[in-house]
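Student: Here it is, the structure, as structure tokens.
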Amino acid sequence: MFIIEWWNSLAMAAQVFYCIAIPATLVLLIQTVLMFLGLGDDADGIEDADLDGMLDDVDVPDAGEGVFGEDMVSEAADAFGLDGLRIFTIRGLVAFFVVFGWVGAAMQSADVSLWITVPVAAVCGFAMMVVLALLLRAVMKLRSDGNTDNRNAVGTAGKVHLTVPPRRSGEGKVHVMLQGAYVERGAVTDSEEAIPTGCEIVVVGVSGQTDLVVKRK
């Protein structure tokens, strides 16, 4: 009875936010329990075979055809640590709705205007998606680094993701097949010219613990 009276006392906007927050929180709790039970890895194929994969089939203009070249976009993203993030996953969307719903409900309870509540809640939700993506990328990197040996990539072909500077003057990024998985690795080259984004490469060696030595294919 008390719950019904409390619910009826809420404004329509607050009820909507609660209807978003409560189911999303339950889904998040289920995901967390499954992860701790060791069942989350199988679900990752669905949860993290994310909307990025769905968007791959959409024909969008190449970044290099716009005002900013593809290299500039990639380097800017890498500078802020956002390069390669998988933000729009099902797991990320659940986190968005959890934060969006609870922040919105809290602001409505404080009688904040709806025109302020919605954008603030949306920004908080998106920030949570980015934080979650960063955490998941760190976990996956630790898992990958612990289970793979970069020396097994020697002789394999791949593609440059972020320009590889010449004469080992800096580090680029490449995508290669390593132990059956398509992974991203840091790369250097002994070539006199930089290897730009999109070029096909061959791994010819390993530098240190993390970098691959590559050359144009």
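Lettering and numbering for the structure tokens are positional, with chains as A, B, ... in the shown order, residues counted from 1 in each chain, and ligands counted from 1 in the shown order.
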Which residues are close to Ser109 of chain A, i.e. within 9 Å by only C-alpha atoms, leaving aside same-chain residues fewer than 4 positions away? Reply as a PyMOL selection string.
Tutor: chain A and resi 10-11+14+104-105
Student: Have a look at A:Asn150, A:Val98, A:Cys199, A:Val204 and name the one nearest to Glu184 of chain A; count only C-alpha atoms.
Tutor: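 Checking each candidate against Glu184 of chain A, we get A:Asn150 as the closest.
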Student: Out of A:Leu93, A:Val139, A:Ala157, A:Ile30, which residue has the shortest atom-to-atom distance to Ala127 of chain A when counting only C-alpha atoms?
Tutor: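 Among A:Leu93, A:Val139, A:Ala157, A:Ile30, it is A:Leu93 that comes nearest to Ala127 of chain A.
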Student: Here is a test: counting only C-alpha atoms, which residue of A:Thr89, A:Met12, A:Gly125, A:Gly155 is nearest to Val103 of chain A?
Tutor: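 Of all the options, A:Gly125 lies closest to Val103 of chain A.
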Student: Need to verify the contact set: Ala13 of chain A, 8 Å, only C-alpha atoms, exclusion of same-chain residues closer than 3 positions in sequence. Can you return it as a PDB file with N, CA and C atoms, in the first residue's frame?
Tutor:
ATOM      1  N   VAL A  16       8.640   7.692 -15.273  1.00  0.00           N
ATOM      2  CA  VAL A  16       9.327   7.204 -16.481  1.00  0.00           C
ATOM      3  C   VAL A  16      10.787   6.879 -16.173  1.00  0.00           C
ATOM      4  N   PHE A  17      11.456   7.760 -15.432  1.00  0.00           N
ATOM      5  CA  PHE A  17      12.859   7.513 -15.090  1.00  0.00           C
ATOM      6  C   PHE A  17      13.009   6.254 -14.238  1.00  0.00           C
ATOM      7  N   GLN A 108      14.569  14.639 -10.613  1.00  0.00           N
ATOM      8  CA  GLN A 108      13.137  14.944 -10.575  1.00  0.00           C
ATOM      9  C   GLN A 108      12.629  15.011  -9.139  1.00  0.00           C
ATOM     10  N   LEU A 114      12.714  19.470 -16.062  1.00  0.00           N
ATOM     11  CA  LEU A 114      12.902  18.330 -16.963  1.00  0.00           C
ATOM     12  C   LEU A 114      13.858  18.675 -18.098  1.00  0.00           C
TER      13      LEU A 114
END
Student: Residues near Thr163 of chain A, anyone? I mean within 8 Å using only C-alpha atoms, not counting same-chain ones fewer than 4 positions away, as number ranges by chain.
Tutor: A: 71, 172-173, 194-197
Student: Using atom CA of Asp190 of chain A and atom CA of Pro166 of chain A as the two end points, give the distance in Å to one decimal.
Tutor: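 Spanning atom CA of Asp190 of chain A to atom CA of Pro166 of chain A is a straight-line distance of 6.4 Å.
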Student: May I ask for the distance between atom CA of Gly180 of chain A and atom CA of Thr32 of chain A, given in Å to one decimal place?
Tutor: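 Between atom CA of Gly180 of chain A and atom CA of Thr32 of chain A the gap is 28.0 Å.
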Student: From the list A:Gln179, A:Ser191, A:Asn152, A:Ser113, which residue is nearest Lys215 of chain A when using only C-alpha atoms?
Tutor: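 Going through A:Gln179, A:Ser191, A:Asn152, A:Ser113 one by one, the smallest distance to Lys215 of chain A is for A:Ser191.
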Student: Rounded to one decimal place, report the atom CA of Val213 of chain A-atom CA of Arg168 of chain A distance in Å.
Tutor: 8.8 Å
